[in-house]
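**Student:** One structure coming up, written as structure tokens, with questions to follow.
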Amino acid sequence: MEALSLLQFTFDTVLGVTLLWLAWRALASENLFKGIVLFIAFGLLMALAWVRLDALDVALAEAAIGAGLTGALLLVALTRLDSKQVTDKADNKIDEAEVDGPR
Amino acid sequence: MDPDNNNSTLFRYLLIAVLITMTAGLVYALLSLPLLASGLSFQVTQNLQLSGVENPVTAVLLNFRAYDTFLEMGVLLLALLAVWSLGTLPKQRETAPGEVLNSLSGLLIPILVLMASYLLWVGASAPGGAFQAGSVLAAAGVLLILTGWQLNEKLQGLPLRFALVAGLSIFMAVGVVLMLFGRRFLEYPPSVAAALILLIEAAATVSIGITLVALFSGGRPESEQQ
Amino acid sequence: MSAVFVYSLVGIGLFNLGLYALIIYPHLLRKILAVNIMGSGVFLVLVALAGRTASGVPDPVPHAMVITGIVVAVSATALALVLMLRVSAATGQPELPEEK
């Protein structure tokens, strides 16, 4: 049993170091798209960490919401950000009229 | 990589020093915690058969701390309200989805819906439950939107809003009805607890799925008439 | 038991990494990424410390809190992203304006 717990400890340490390294690379990436993709990978490895900690419900929720949905949200926002930087105040004026409208 | 020239190197080194001190303090606090601490697990296992489900996490989420889950539905709705108040749906680009996306989503979406129903049902005895099922439904909805699907005009007004508030309202309705029967708010009698939890979870799954998809869309739907 | 130790340290590391990135980078999308990573670090510490029970079955109350936390974090991220798009549309760049 000693070998099994040593193996588990090694796996946990490798997973932990990979999580930290992925997080650093995602935040410090020169390209935002790369950073978001690394963040999705980080979320999937977090789901693995939850499984190691016997938190299976949390693992399901993290894989679906934390990795999948947050990643999709960030990618769509990045696309809209890049396309909006081409248009300027003209787009903004239309939006403001909508917001300050009869509602 | 250099972030910006606004932050001088002195500021960055000072920040790193402060953060290292904070990390050291947190690690010290962590290491001085007791090695064994049962928390509330003993109380949960003792009262598990009164809760109506066998999965302890579902029991905590939907029975023992049901009020927290109720308020969480409110938080989701509040975030959606805030997103809707900031603007209308962004214009979708008129490109056709590729072959891979089309065929894959045709295959995956029914499977995802099936998986969501399974997760909802099995949440009573195994890992699963309303949040997991709702997020899988949201994944199916996001796939739908990415293929260029748009909600039918007739369904964008009142039916959409009914579906969004279904989880919160059924939660509140169950709680109030229980109060009318003489119990406290959200205090389930053990005989009907399982059925009530399943009812609340079903409504919550639909609500969570649709709310997350609406948050992904990023704006309120256009309506022709005010 | 060693899993508890390893993952809670990793959680503390993630929190501080995210805090550093939150302060240093001016781009709003990076700040949102940093806040998400800080949140993941906190969740790791919570769930790791929940595994310290004597019976081996982890304490389910922190699990429930973290599930709630994940859902709240995604809705806050969605709102923050829409706000970032509005700031970018209003000022032309996705960074907070410098004080004069």
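Residue numbering restarts at 1 for every chain of the structure tokens, chains are lettered A, B, ... in their displayed order, and ligands are numbered from 1 as they appear.
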Would you mind writing down, as a ChimeraX atom specification, each residue of segment 105-151 of chain B that DSSP on the backbone assigns to helix (DSSP H, G or I)?

**Tutor:** /B:105-122,130-146

**Student:** Can you list, as a list in words, every protein, DNA or RNA residue that comes within 8 Å of segment 8-23 of chain A when you count only C-alpha atoms, leaving out same-chain residues fewer than 2 positions away?

**Tutor:**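 The residues that qualify are Leu4, Ser5, Leu6, Arg25, Ala26, Leu27, Leu38, Phe39, Ala41, Phe42, Leu45, Met46, Ala49 and Arg52 of chain A; Ser2, Ala3, Val6, Tyr7, Val10, Gly13, Leu14, Leu17 and Ile37 of chain C.
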
**Student:** Got a sec to pull out which chain C residues are within 8 Å of chain B, counting only C-alpha atoms, and send them as number ranges by chain?

**Tutor:** C: 8-9, 12-13, 16, 20, 24-26, 50, 52-54, 58-61, 63-64, 67-68, 71-72, 75-76, 78-79, 82-83, 86

**Student:** Let me see the file: selected residues, N, CA and C atoms, as a short mmCIF file (atom, residue, chain, number, x, y, z; two decimals), in the first residue's frame.

**Tutor:**
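Output file out-v8.cif follows:
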```cif
data_model
loop_
_atom_site.label_atom_id
_atom_site.label_comp_id
_atom_site.auth_asym_id
_atom_site.auth_seq_id
_atom_site.Cartn_x
_atom_site.Cartn_y
_atom_site.Cartn_z
N SER C 8 -4.65 22.19 -1.11
CA SER C 8 -4.88 23.47 -0.46
C SER C 8 -3.72 24.43 -0.71
N LEU C 9 -2.49 23.89 -0.76
CA LEU C 9 -1.36 24.75 -1.12
C LEU C 9 -1.50 25.27 -2.54
N ILE C 12 -3.95 28.08 -2.58
CA ILE C 12 -3.38 29.36 -2.11
C ILE C 12 -2.51 29.97 -3.20
N GLY C 13 -1.72 29.12 -3.87
CA GLY C 13 -0.88 29.63 -4.95
C GLY C 13 -1.70 30.24 -6.08
N ASN C 16 -3.07 33.72 -5.08
CA ASN C 16 -2.11 34.82 -5.14
C ASN C 16 -1.68 35.12 -6.56
N TYR C 20 -2.10 38.79 -8.27
CA TYR C 20 -1.01 39.51 -8.93
C TYR C 20 -1.43 39.94 -10.34
N ILE C 24 -1.76 43.73 -11.91
CA ILE C 24 -0.73 44.17 -12.85
C ILE C 24 -1.30 44.49 -14.23
N TYR C 25 -2.18 43.62 -14.77
CA TYR C 25 -2.54 43.78 -16.17
C TYR C 25 -3.66 44.79 -16.34
N PRO C 26 -3.55 45.70 -17.29
CA PRO C 26 -4.61 46.69 -17.47
C PRO C 26 -5.77 46.20 -18.35
N ALA C 50 -12.33 20.17 3.13
CA ALA C 50 -13.50 19.37 3.50
C ALA C 50 -13.18 17.90 3.57
N ARG C 52 -11.00 16.45 5.40
CA ARG C 52 -10.24 16.09 6.58
C ARG C 52 -11.06 15.30 7.58
N THR C 53 -12.16 14.67 7.13
CA THR C 53 -13.03 13.98 8.08
C THR C 53 -12.36 12.72 8.58
N ALA C 54 -12.84 12.26 9.72
CA ALA C 54 -12.27 11.04 10.31
C ALA C 54 -12.75 9.81 9.58
N PRO C 58 -15.94 12.74 2.57
CA PRO C 58 -15.75 14.19 2.78
C PRO C 58 -17.04 14.88 3.22
N ASP C 59 -16.87 16.00 3.85
CA ASP C 59 -17.97 16.81 4.36
C ASP C 59 -18.73 17.41 3.19
N PRO C 60 -20.04 17.13 3.06
CA PRO C 60 -20.73 17.60 1.85
C PRO C 60 -21.12 19.07 1.87
N VAL C 61 -21.06 19.75 3.02
CA VAL C 61 -21.49 21.15 3.04
C VAL C 61 -20.56 22.05 2.22
N HIS C 63 -18.86 21.12 -0.31
CA HIS C 63 -19.11 20.76 -1.71
C HIS C 63 -20.30 21.54 -2.24
N ALA C 64 -21.37 21.60 -1.45
CA ALA C 64 -22.56 22.32 -1.90
C ALA C 64 -22.24 23.80 -2.07
N ILE C 67 -20.35 24.30 -5.33
CA ILE C 67 -21.21 24.20 -6.52
C ILE C 67 -21.96 25.50 -6.70
N THR C 68 -22.53 26.02 -5.61
CA THR C 68 -23.19 27.32 -5.67
C THR C 68 -22.20 28.39 -6.16
N VAL C 71 -21.57 28.35 -9.96
CA VAL C 71 -22.66 28.92 -10.76
C VAL C 71 -22.68 30.43 -10.62
N VAL C 72 -22.49 30.94 -9.40
CA VAL C 72 -22.46 32.40 -9.21
C VAL C 72 -21.28 33.00 -9.95
N SER C 75 -22.12 33.41 -13.65
CA SER C 75 -23.03 34.51 -13.96
C SER C 75 -22.35 35.86 -13.74
N ALA C 76 -21.48 35.94 -12.73
CA ALA C 76 -20.73 37.19 -12.55
C ALA C 76 -19.78 37.42 -13.71
N ALA C 78 -20.26 36.43 -16.79
CA ALA C 78 -21.05 36.86 -17.95
C ALA C 78 -21.37 38.35 -17.84
N LEU C 79 -21.78 38.78 -16.64
CA LEU C 79 -22.09 40.20 -16.45
C LEU C 79 -20.85 41.06 -16.64
N VAL C 82 -20.10 41.52 -20.33
CA VAL C 82 -20.97 42.49 -21.00
C VAL C 82 -20.56 43.90 -20.62
N LEU C 83 -20.22 44.11 -19.34
CA LEU C 83 -19.75 45.43 -18.91
C LEU C 83 -18.47 45.81 -19.64
N ARG C 86 -19.28 47.06 -23.00
CA ARG C 86 -19.83 48.41 -22.96
C ARG C 86 -18.72 49.44 -22.73
#
```

**Student:** Mind pulling up the distance from atom CA of Leu199 of chain B to atom CA of Gly129 of chain B?

**Tutor:**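 Value for the atom CA of Gly129 of chain B-atom CA of Leu199 of chain B distance: 11.8 Å.
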
**Student:** Calculate how many Å separate atom CA of Gly123 of chain B from atom CA of Leu144 of chain B, rounding to one decimal.

**Tutor:** 25.5 Å
